[in-house]
Each structure stands twice: as C-alpha cells, then as structure tokens.
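protein.cif follows; it contains mmCIF, all heavy atoms.
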data_final
#
loop_
_atom_site.group_PDB
_atom_site.id
_atom_site.type_symbol
_atom_site.label_atom_id
_atom_site.label_comp_id
_atom_site.auth_asym_id
_atom_site.auth_seq_id
_atom_site.Cartn_x
_atom_site.Cartn_y
_atom_site.Cartn_z
ATOM 1 N N MET Q 1 29.552 -12.194 15.209
ATOM 2 C CA MET Q 1 28.481 -11.492 15.909
ATOM 3 C C MET Q 1 28.337 -12.067 17.307
ATOM 4 O O MET Q 1 28.332 -13.276 17.495
ATOM 5 C CB MET Q 1 27.172 -11.668 15.139
ATOM 6 C CG MET Q 1 26.010 -11.046 15.858
ATOM 7 S SD MET Q 1 24.478 -11.058 14.960
ATOM 8 C CE MET Q 1 24.893 -10.145 13.530
ATOM 9 N N LYS Q 2 28.212 -11.181 18.277
ATOM 10 C CA LYS Q 2 28.037 -11.604 19.653
ATOM 11 C C LYS Q 2 26.560 -11.547 20.019
ATOM 12 O O LYS Q 2 25.858 -10.625 19.632
ATOM 13 C CB LYS Q 2 28.816 -10.691 20.590
ATOM 14 C CG LYS Q 2 30.324 -10.820 20.473
ATOM 15 C CD LYS Q 2 30.983 -10.177 21.657
ATOM 16 C CE LYS Q 2 32.445 -10.544 21.742
ATOM 17 N NZ LYS Q 2 33.242 -9.914 20.712
ATOM 18 N N VAL Q 3 26.095 -12.552 20.758
ATOM 19 C CA VAL Q 3 24.741 -12.544 21.292
ATOM 20 C C VAL Q 3 24.839 -12.128 22.744
ATOM 21 O O VAL Q 3 25.530 -12.770 23.535
ATOM 22 C CB VAL Q 3 24.094 -13.938 21.170
ATOM 23 C CG1 VAL Q 3 22.700 -13.921 21.749
ATOM 24 C CG2 VAL Q 3 24.051 -14.360 19.712
ATOM 25 N N ARG Q 4 24.193 -11.018 23.090
ATOM 26 C CA ARG Q 4 24.364 -10.443 24.417
ATOM 27 C C ARG Q 4 23.032 -10.137 25.056
ATOM 28 O O ARG Q 4 22.035 -9.961 24.384
ATOM 29 C CB ARG Q 4 25.190 -9.156 24.309
ATOM 30 C CG ARG Q 4 26.378 -9.343 23.417
ATOM 31 C CD ARG Q 4 27.391 -8.288 23.491
ATOM 32 N NE ARG Q 4 27.670 -7.818 24.829
ATOM 33 C CZ ARG Q 4 28.805 -7.269 25.165
ATOM 34 N NH1 ARG Q 4 29.761 -7.155 24.285
ATOM 35 N NH2 ARG Q 4 29.003 -6.811 26.355
ATOM 36 N N ALA Q 5 23.055 -10.070 26.396
ATOM 37 C CA ALA Q 5 21.849 -9.683 27.130
ATOM 38 C C ALA Q 5 21.629 -8.182 27.029
ATOM 39 O O ALA Q 5 20.501 -7.708 27.048
ATOM 40 C CB ALA Q 5 21.957 -10.122 28.579
ATOM 41 N N SER Q 6 22.727 -7.407 26.915
ATOM 42 C CA SER Q 6 22.616 -5.960 26.847
ATOM 43 C C SER Q 6 23.567 -5.436 25.781
ATOM 44 O O SER Q 6 24.728 -5.823 25.732
ATOM 45 C CB SER Q 6 22.957 -5.337 28.204
ATOM 46 O OG SER Q 6 22.986 -3.936 28.082
ATOM 47 N N LEU Q 7 23.058 -4.531 24.940
ATOM 48 C CA LEU Q 7 23.861 -3.985 23.842
ATOM 49 C C LEU Q 7 24.401 -2.603 24.164
ATOM 50 O O LEU Q 7 24.866 -1.909 23.268
ATOM 51 C CB LEU Q 7 23.006 -3.903 22.571
ATOM 52 C CG LEU Q 7 22.529 -5.234 22.012
ATOM 53 C CD1 LEU Q 7 21.627 -5.004 20.833
ATOM 54 C CD2 LEU Q 7 23.697 -6.108 21.626
ATOM 55 N N LYS Q 8 24.354 -2.211 25.419
ATOM 56 C CA LYS Q 8 24.733 -0.841 25.777
ATOM 57 C C LYS Q 8 26.184 -0.540 25.405
ATOM 58 O O LYS Q 8 26.497 0.513 24.861
ATOM 59 C CB LYS Q 8 24.526 -0.634 27.262
ATOM 60 C CG LYS Q 8 24.699 0.808 27.695
ATOM 61 C CD LYS Q 8 24.431 0.958 29.177
ATOM 62 C CE LYS Q 8 23.063 1.509 29.426
ATOM 63 N NZ LYS Q 8 22.828 1.845 30.829
ATOM 64 N N SER Q 9 27.090 -1.502 25.664
ATOM 65 C CA SER Q 9 28.492 -1.234 25.365
ATOM 66 C C SER Q 9 28.744 -1.238 23.858
ATOM 67 O O SER Q 9 29.671 -0.580 23.389
ATOM 68 C CB SER Q 9 29.378 -2.284 26.035
ATOM 69 O OG SER Q 9 29.049 -3.574 25.591
ATOM 70 N N LEU Q 10 27.936 -1.971 23.095
ATOM 71 C CA LEU Q 10 28.122 -1.995 21.639
ATOM 72 C C LEU Q 10 27.599 -0.732 20.994
ATOM 73 O O LEU Q 10 28.179 -0.243 20.027
ATOM 74 C CB LEU Q 10 27.415 -3.213 21.034
ATOM 75 C CG LEU Q 10 28.047 -4.569 21.274
ATOM 76 C CD1 LEU Q 10 27.202 -5.649 20.625
ATOM 77 C CD2 LEU Q 10 29.453 -4.619 20.736
ATOM 78 N N LYS Q 11 26.505 -0.204 21.500
ATOM 79 C CA LYS Q 11 25.932 0.967 20.837
ATOM 80 C C LYS Q 11 26.688 2.247 21.169
ATOM 81 O O LYS Q 11 26.470 3.268 20.531
ATOM 82 C CB LYS Q 11 24.455 1.117 21.162
ATOM 83 C CG LYS Q 11 24.141 1.579 22.556
ATOM 84 C CD LYS Q 11 22.636 1.666 22.748
ATOM 85 C CE LYS Q 11 22.288 2.182 24.129
ATOM 86 N NZ LYS Q 11 20.863 2.136 24.386
ATOM 87 N N LYS Q 12 27.606 2.177 22.145
ATOM 88 C CA LYS Q 12 28.429 3.349 22.439
ATOM 89 C C LYS Q 12 29.595 3.495 21.475
ATOM 90 O O LYS Q 12 30.237 4.526 21.441
ATOM 91 C CB LYS Q 12 28.966 3.264 23.864
ATOM 92 C CG LYS Q 12 27.935 3.639 24.915
ATOM 93 C CD LYS Q 12 28.573 3.819 26.282
ATOM 94 C CE LYS Q 12 29.023 2.496 26.847
ATOM 95 N NZ LYS Q 12 29.209 2.531 28.295
ATOM 96 N N GLN Q 13 29.899 2.449 20.694
ATOM 97 C CA GLN Q 13 31.023 2.513 19.763
ATOM 98 C C GLN Q 13 30.720 3.506 18.648
ATOM 99 O O GLN Q 13 29.563 3.650 18.236
ATOM 100 C CB GLN Q 13 31.262 1.125 19.145
ATOM 101 C CG GLN Q 13 31.559 0.042 20.142
ATOM 102 C CD GLN Q 13 32.883 0.223 20.847
ATOM 103 O OE1 GLN Q 13 33.784 0.833 20.308
ATOM 104 N NE2 GLN Q 13 32.985 -0.306 22.041
ATOM 105 N N PRO Q 14 31.739 4.193 18.111
ATOM 106 C CA PRO Q 14 31.490 5.117 17.007
ATOM 107 C C PRO Q 14 31.039 4.376 15.756
ATOM 108 O O PRO Q 14 31.589 3.337 15.416
ATOM 109 C CB PRO Q 14 32.853 5.789 16.791
ATOM 110 C CG PRO Q 14 33.841 4.925 17.470
ATOM 111 C CD PRO Q 14 33.132 4.228 18.578
ATOM 112 N N GLY Q 15 30.004 4.920 15.128
ATOM 113 C CA GLY Q 15 29.493 4.310 13.905
ATOM 114 C C GLY Q 15 28.459 3.228 14.120
ATOM 115 O O GLY Q 15 28.030 2.598 13.163
ATOM 116 N N ALA Q 16 28.040 3.004 15.356
ATOM 117 C CA ALA Q 16 27.099 1.911 15.633
ATOM 118 C C ALA Q 16 25.666 2.359 15.355
ATOM 119 O O ALA Q 16 25.284 3.489 15.625
ATOM 120 C CB ALA Q 16 27.226 1.463 17.078
ATOM 121 N N GLN Q 17 24.869 1.436 14.798
ATOM 122 C CA GLN Q 17 23.452 1.687 14.552
ATOM 123 C C GLN Q 17 22.654 0.561 15.179
ATOM 124 O O GLN Q 17 22.987 -0.608 15.029
ATOM 125 C CB GLN Q 17 23.154 1.711 13.056
ATOM 126 C CG GLN Q 17 23.788 2.858 12.314
ATOM 127 C CD GLN Q 17 23.496 2.752 10.836
ATOM 128 O OE1 GLN Q 17 23.547 1.678 10.262
ATOM 129 N NE2 GLN Q 17 23.202 3.867 10.227
ATOM 130 N N VAL Q 18 21.579 0.934 15.889
ATOM 131 C CA VAL Q 18 20.692 -0.051 16.494
ATOM 132 C C VAL Q 18 19.534 -0.288 15.534
ATOM 133 O O VAL Q 18 18.862 0.650 15.120
ATOM 134 C CB VAL Q 18 20.180 0.432 17.863
ATOM 135 C CG1 VAL Q 18 19.254 -0.594 18.475
ATOM 136 C CG2 VAL Q 18 21.341 0.701 18.789
ATOM 137 N N VAL Q 19 19.321 -1.554 15.151
ATOM 138 C CA VAL Q 19 18.332 -1.914 14.137
ATOM 139 C C VAL Q 19 17.445 -3.011 14.702
ATOM 140 O O VAL Q 19 17.939 -3.922 15.375
ATOM 141 C CB VAL Q 19 19.040 -2.418 12.851
ATOM 142 C CG1 VAL Q 19 18.034 -2.737 11.773
ATOM 143 C CG2 VAL Q 19 20.026 -1.390 12.347
ATOM 144 N N ARG Q 20 16.141 -2.932 14.439
ATOM 145 C CA ARG Q 20 15.221 -4.011 14.822
ATOM 146 C C ARG Q 20 14.838 -4.800 13.589
ATOM 147 O O ARG Q 20 14.330 -4.244 12.626
ATOM 148 C CB ARG Q 20 13.966 -3.428 15.465
ATOM 149 C CG ARG Q 20 14.269 -2.731 16.776
ATOM 150 C CD ARG Q 20 13.036 -2.582 17.601
ATOM 151 N NE ARG Q 20 12.507 -3.893 17.970
ATOM 152 C CZ ARG Q 20 11.479 -4.079 18.798
ATOM 153 N NH1 ARG Q 20 10.890 -3.036 19.335
ATOM 154 N NH2 ARG Q 20 11.065 -5.271 19.084
ATOM 155 N N ARG Q 21 15.093 -6.104 13.632
ATOM 156 C CA ARG Q 21 14.737 -6.976 12.525
ATOM 157 C C ARG Q 21 14.088 -8.231 13.087
ATOM 158 O O ARG Q 21 14.681 -8.908 13.928
ATOM 159 C CB ARG Q 21 15.976 -7.398 11.724
ATOM 160 C CG ARG Q 21 16.581 -6.256 10.933
ATOM 161 C CD ARG Q 21 17.769 -6.736 10.154
ATOM 162 N NE ARG Q 21 18.457 -5.597 9.567
ATOM 163 C CZ ARG Q 21 19.718 -5.617 9.176
ATOM 164 N NH1 ARG Q 21 20.437 -6.703 9.329
ATOM 165 N NH2 ARG Q 21 20.267 -4.554 8.648
ATOM 166 N N ARG Q 22 12.869 -8.532 12.606
ATOM 167 C CA ARG Q 22 12.136 -9.738 13.016
ATOM 168 C C ARG Q 22 12.025 -9.849 14.528
ATOM 169 O O ARG Q 22 12.191 -10.930 15.094
ATOM 170 C CB ARG Q 22 12.806 -10.994 12.458
ATOM 171 C CG ARG Q 22 12.863 -11.026 10.948
ATOM 172 C CD ARG Q 22 13.422 -12.342 10.460
ATOM 173 N NE ARG Q 22 13.949 -12.217 9.120
ATOM 174 C CZ ARG Q 22 15.231 -11.963 8.849
ATOM 175 N NH1 ARG Q 22 16.104 -11.829 9.821
ATOM 176 N NH2 ARG Q 22 15.627 -11.871 7.609
ATOM 177 N N GLY Q 23 11.794 -8.713 15.196
ATOM 178 C CA GLY Q 23 11.596 -8.732 16.634
ATOM 179 C C GLY Q 23 12.848 -8.823 17.461
ATOM 180 O O GLY Q 23 12.781 -8.871 18.684
ATOM 181 N N ARG Q 24 14.019 -8.862 16.811
ATOM 182 C CA ARG Q 24 15.267 -8.894 17.551
ATOM 183 C C ARG Q 24 15.984 -7.567 17.371
ATOM 184 O O ARG Q 24 15.819 -6.898 16.364
ATOM 185 C CB ARG Q 24 16.174 -10.020 17.056
ATOM 186 C CG ARG Q 24 15.676 -11.374 17.450
ATOM 187 C CD ARG Q 24 16.625 -12.441 16.991
ATOM 188 N NE ARG Q 24 16.235 -13.735 17.534
ATOM 189 C CZ ARG Q 24 16.453 -14.881 16.912
ATOM 190 N NH1 ARG Q 24 17.033 -14.895 15.737
ATOM 191 N NH2 ARG Q 24 16.082 -16.011 17.472
ATOM 192 N N VAL Q 25 16.796 -7.213 18.346
ATOM 193 C CA VAL Q 25 17.538 -5.955 18.301
ATOM 194 C C VAL Q 25 18.978 -6.273 17.901
ATOM 195 O O VAL Q 25 19.625 -7.116 18.527
ATOM 196 C CB VAL Q 25 17.507 -5.237 19.668
ATOM 197 C CG1 VAL Q 25 18.210 -3.894 19.573
ATOM 198 C CG2 VAL Q 25 16.073 -5.051 20.122
ATOM 199 N N TYR Q 26 19.443 -5.614 16.845
ATOM 200 C CA TYR Q 26 20.799 -5.824 16.349
ATOM 201 C C TYR Q 26 21.572 -4.517 16.424
ATOM 202 O O TYR Q 26 21.003 -3.438 16.304
ATOM 203 C CB TYR Q 26 20.783 -6.275 14.882
ATOM 204 C CG TYR Q 26 20.233 -7.649 14.646
ATOM 205 C CD1 TYR Q 26 18.883 -7.848 14.448
ATOM 206 C CD2 TYR Q 26 21.075 -8.752 14.598
ATOM 207 C CE1 TYR Q 26 18.374 -9.107 14.215
ATOM 208 C CE2 TYR Q 26 20.575 -10.024 14.369
ATOM 209 C CZ TYR Q 26 19.227 -10.188 14.181
ATOM 210 O OH TYR Q 26 18.736 -11.442 13.962
ATOM 211 N N VAL Q 27 22.882 -4.630 16.586
ATOM 212 C CA VAL Q 27 23.772 -3.485 16.413
ATOM 213 C C VAL Q 27 24.663 -3.801 15.230
ATOM 214 O O VAL Q 27 25.328 -4.851 15.201
ATOM 215 C CB VAL Q 27 24.626 -3.228 17.672
ATOM 216 C CG1 VAL Q 27 25.684 -2.175 17.374
ATOM 217 C CG2 VAL Q 27 23.760 -2.764 18.810
ATOM 218 N N ILE Q 28 24.661 -2.906 14.227
ATOM 219 C CA ILE Q 28 25.546 -3.058 13.083
ATOM 220 C C ILE Q 28 26.481 -1.865 13.053
ATOM 221 O O ILE Q 28 26.115 -0.766 13.461
ATOM 222 C CB ILE Q 28 24.754 -3.181 11.767
ATOM 223 C CG1 ILE Q 28 23.811 -2.009 11.587
ATOM 224 C CG2 ILE Q 28 24.006 -4.494 11.710
ATOM 225 C CD1 ILE Q 28 23.065 -2.051 10.290
ATOM 226 N N ASN Q 29 27.685 -2.118 12.612
ATOM 227 C CA ASN Q 29 28.702 -1.062 12.626
ATOM 228 C C ASN Q 29 29.477 -1.126 11.316
ATOM 229 O O ASN Q 29 30.229 -2.061 11.075
ATOM 230 C CB ASN Q 29 29.633 -1.261 13.822
ATOM 231 C CG ASN Q 29 30.396 0.003 14.150
ATOM 232 O OD1 ASN Q 29 30.750 0.755 13.265
ATOM 233 N ND2 ASN Q 29 30.643 0.219 15.418
ATOM 234 N N LYS Q 30 29.273 -0.095 10.470
ATOM 235 C CA LYS Q 30 29.966 -0.069 9.186
ATOM 236 C C LYS Q 30 31.433 0.326 9.357
ATOM 237 O O LYS Q 30 32.290 -0.121 8.601
ATOM 238 C CB LYS Q 30 29.280 0.933 8.244
ATOM 239 C CG LYS Q 30 27.870 0.515 7.853
ATOM 240 C CD LYS Q 30 27.903 -0.434 6.668
ATOM 241 C CE LYS Q 30 26.554 -1.044 6.373
ATOM 242 N NZ LYS Q 30 25.585 -0.119 5.873
ATOM 243 N N LEU Q 31 31.721 1.167 10.362
ATOM 244 C CA LEU Q 31 33.104 1.613 10.545
ATOM 245 C C LEU Q 31 33.981 0.491 11.071
ATOM 246 O O LEU Q 31 35.118 0.322 10.637
ATOM 247 C CB LEU Q 31 33.159 2.792 11.531
ATOM 248 C CG LEU Q 31 32.514 4.093 11.087
ATOM 249 C CD1 LEU Q 31 32.653 5.138 12.177
ATOM 250 C CD2 LEU Q 31 33.137 4.595 9.809
ATOM 251 N N ASN Q 32 33.453 -0.269 12.019
ATOM 252 C CA ASN Q 32 34.230 -1.346 12.620
ATOM 253 C C ASN Q 32 33.333 -2.579 12.746
ATOM 254 O O ASN Q 32 32.643 -2.755 13.746
ATOM 255 C CB ASN Q 32 34.748 -0.919 13.998
ATOM 256 C CG ASN Q 32 35.863 -1.811 14.484
ATOM 257 O OD1 ASN Q 32 36.051 -2.900 13.958
ATOM 258 N ND2 ASN Q 32 36.584 -1.367 15.478
ATOM 259 N N PRO Q 33 33.312 -3.445 11.722
ATOM 260 C CA PRO Q 33 32.369 -4.582 11.722
ATOM 261 C C PRO Q 33 32.607 -5.594 12.834
ATOM 262 O O PRO Q 33 31.833 -6.526 12.997
ATOM 263 C CB PRO Q 33 32.608 -5.232 10.348
ATOM 264 C CG PRO Q 33 33.240 -4.163 9.520
ATOM 265 C CD PRO Q 33 34.046 -3.339 10.471
ATOM 266 N N ARG Q 34 33.697 -5.419 13.601
ATOM 267 C CA ARG Q 34 33.894 -6.289 14.761
ATOM 268 C C ARG Q 34 32.788 -6.136 15.782
ATOM 269 O O ARG Q 34 32.469 -7.064 16.513
ATOM 270 C CB ARG Q 34 35.227 -5.906 15.437
ATOM 271 C CG ARG Q 34 36.214 -7.024 15.460
ATOM 272 C CD ARG Q 34 37.572 -6.582 15.932
ATOM 273 N NE ARG Q 34 37.628 -5.305 16.576
ATOM 274 C CZ ARG Q 34 38.268 -5.101 17.726
ATOM 275 N NH1 ARG Q 34 38.840 -6.088 18.347
ATOM 276 N NH2 ARG Q 34 38.348 -3.903 18.236
ATOM 277 N N PHE Q 35 32.203 -4.936 15.857
ATOM 278 C CA PHE Q 35 31.204 -4.656 16.883
ATOM 279 C C PHE Q 35 29.801 -4.896 16.347
ATOM 280 O O PHE Q 35 28.995 -3.982 16.271
ATOM 281 C CB PHE Q 35 31.357 -3.211 17.385
ATOM 282 C CG PHE Q 35 32.665 -2.954 18.071
ATOM 283 C CD1 PHE Q 35 33.622 -2.148 17.495
ATOM 284 C CD2 PHE Q 35 32.936 -3.538 19.296
ATOM 285 C CE1 PHE Q 35 34.823 -1.917 18.123
ATOM 286 C CE2 PHE Q 35 34.144 -3.307 19.938
ATOM 287 C CZ PHE Q 35 35.091 -2.506 19.346
ATOM 288 N N LYS Q 36 29.532 -6.133 15.940
ATOM 289 C CA LYS Q 36 28.170 -6.508 15.562
ATOM 290 C C LYS Q 36 27.588 -7.319 16.712
ATOM 291 O O LYS Q 36 28.307 -8.085 17.348
ATOM 292 C CB LYS Q 36 28.176 -7.376 14.301
ATOM 293 C CG LYS Q 36 28.465 -6.619 13.040
ATOM 294 C CD LYS Q 36 28.220 -7.460 11.817
ATOM 295 C CE LYS Q 36 29.131 -8.667 11.784
ATOM 296 N NZ LYS Q 36 29.214 -9.278 10.455
ATOM 297 N N GLY Q 37 26.296 -7.156 16.948
ATOM 298 C CA GLY Q 37 25.717 -7.910 18.047
ATOM 299 C C GLY Q 37 24.224 -8.086 17.895
ATOM 300 O O GLY Q 37 23.564 -7.331 17.194
ATOM 301 N N ARG Q 38 23.712 -9.100 18.595
ATOM 302 C CA ARG Q 38 22.280 -9.348 18.644
ATOM 303 C C ARG Q 38 21.886 -9.500 20.092
ATOM 304 O O ARG Q 38 22.628 -10.100 20.862
ATOM 305 C CB ARG Q 38 21.961 -10.622 17.872
ATOM 306 C CG ARG Q 38 20.542 -11.091 18.066
ATOM 307 C CD ARG Q 38 20.195 -12.208 17.111
ATOM 308 N NE ARG Q 38 20.696 -13.520 17.497
ATOM 309 C CZ ARG Q 38 20.150 -14.304 18.409
ATOM 310 N NH1 ARG Q 38 19.103 -13.888 19.095
ATOM 311 N NH2 ARG Q 38 20.645 -15.481 18.661
ATOM 312 N N GLN Q 39 20.726 -8.945 20.436
ATOM 313 C CA GLN Q 39 20.272 -9.016 21.822
ATOM 314 C C GLN Q 39 19.305 -10.173 22.015
ATOM 315 O O GLN Q 39 18.429 -10.381 21.184
ATOM 316 C CB GLN Q 39 19.614 -7.711 22.223
ATOM 317 C CG GLN Q 39 19.122 -7.701 23.651
ATOM 318 C CD GLN Q 39 18.798 -6.315 24.135
ATOM 319 O OE1 GLN Q 39 19.556 -5.403 23.928
ATOM 320 N NE2 GLN Q 39 17.666 -6.172 24.796
ATOM 321 N N GLY Q 40 19.486 -10.910 23.120
ATOM 322 C CA GLY Q 40 18.522 -11.940 23.482
ATOM 323 C C GLY Q 40 18.903 -13.334 23.016
ATOM 324 O O GLY Q 40 19.859 -13.540 22.330
#
As structure tokens, the full file:
Amino acid sequence: MKVRASLKSLKKQPGAQVVRRRGRVYVINKLNPRFKGRQG
C-alpha cells in the first residue's frame, strides 16, 4: 500500500473504489490489488 498526498491517479484505475475508514481515505482495488493506497 502506498501512502500518498493525492489519490487522483489511483482512483482513475479500473476497478478502484474510494473508501473512508477511521477518518482516512483509502483506495482499494479488487481487480488489481497493486493499486491500493492511503491518503495523508
């Protein structure tokens, strides 16, 4: 999982979902789990 200042490039990937958990923004991707990320 990458920690990034901006998730814009991750959320453009096919299959990406933006999820908020415990006040943090995550991107999870079931199609390609390489593109997981957390913001901040």
Legend entry - Ground truth for the PyMOL selection byres (((chain Q and resi 19 and name CA) around 12) and name CA), written as a list of chain:residue names: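 So the PyMOL selection byres (((chain Q and resi 19 and name CA) around 12) and name CA) ends up selecting Q:Leu7, Q:Lys11, Q:Ala16, Q:Gln17, Q:Val18, Q:Arg20, Q:Arg21, Q:Arg22, Q:Gly23, Q:Arg24, Q:Val25, Q:Tyr26, Q:Val27, Q:Ile28, Q:Asn29, Q:Lys36, Q:Gly37, Q:Arg38, Q:Gln39.
Residue-level DSSP output for chain Q, from the backbone, shows strand (DSSP E or B) at Lys2, Val3, Arg4, Ala16, Gln17, Val18, Val19, Arg20, Arg21, Arg24, Val25, Tyr26, Val27, Ile28, Asn29, Gly37, Arg38 and Gln39 of chain Q.
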Inset, instruction - Work out how far atom C of Lys30 (chain Q) is from CG2 of Val3 (chain Q), in Å to one decimal. - result: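 Here the two named atoms are 19.4 Å from each other.
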Legend entry - Atom pair atom N of Gly15 (chain Q) / atom O of Leu31 (chain Q): separation (Å):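 Atom O of Leu31 (chain Q) lies 8.2 Å from atom N of Gly15 (chain Q).
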Inset, instruction - Can you work out the spacing between CA of Ala5 (chain Q) and atom C of Gly40 (chain Q) in Å, to one decimal? - result: 6.2 Å
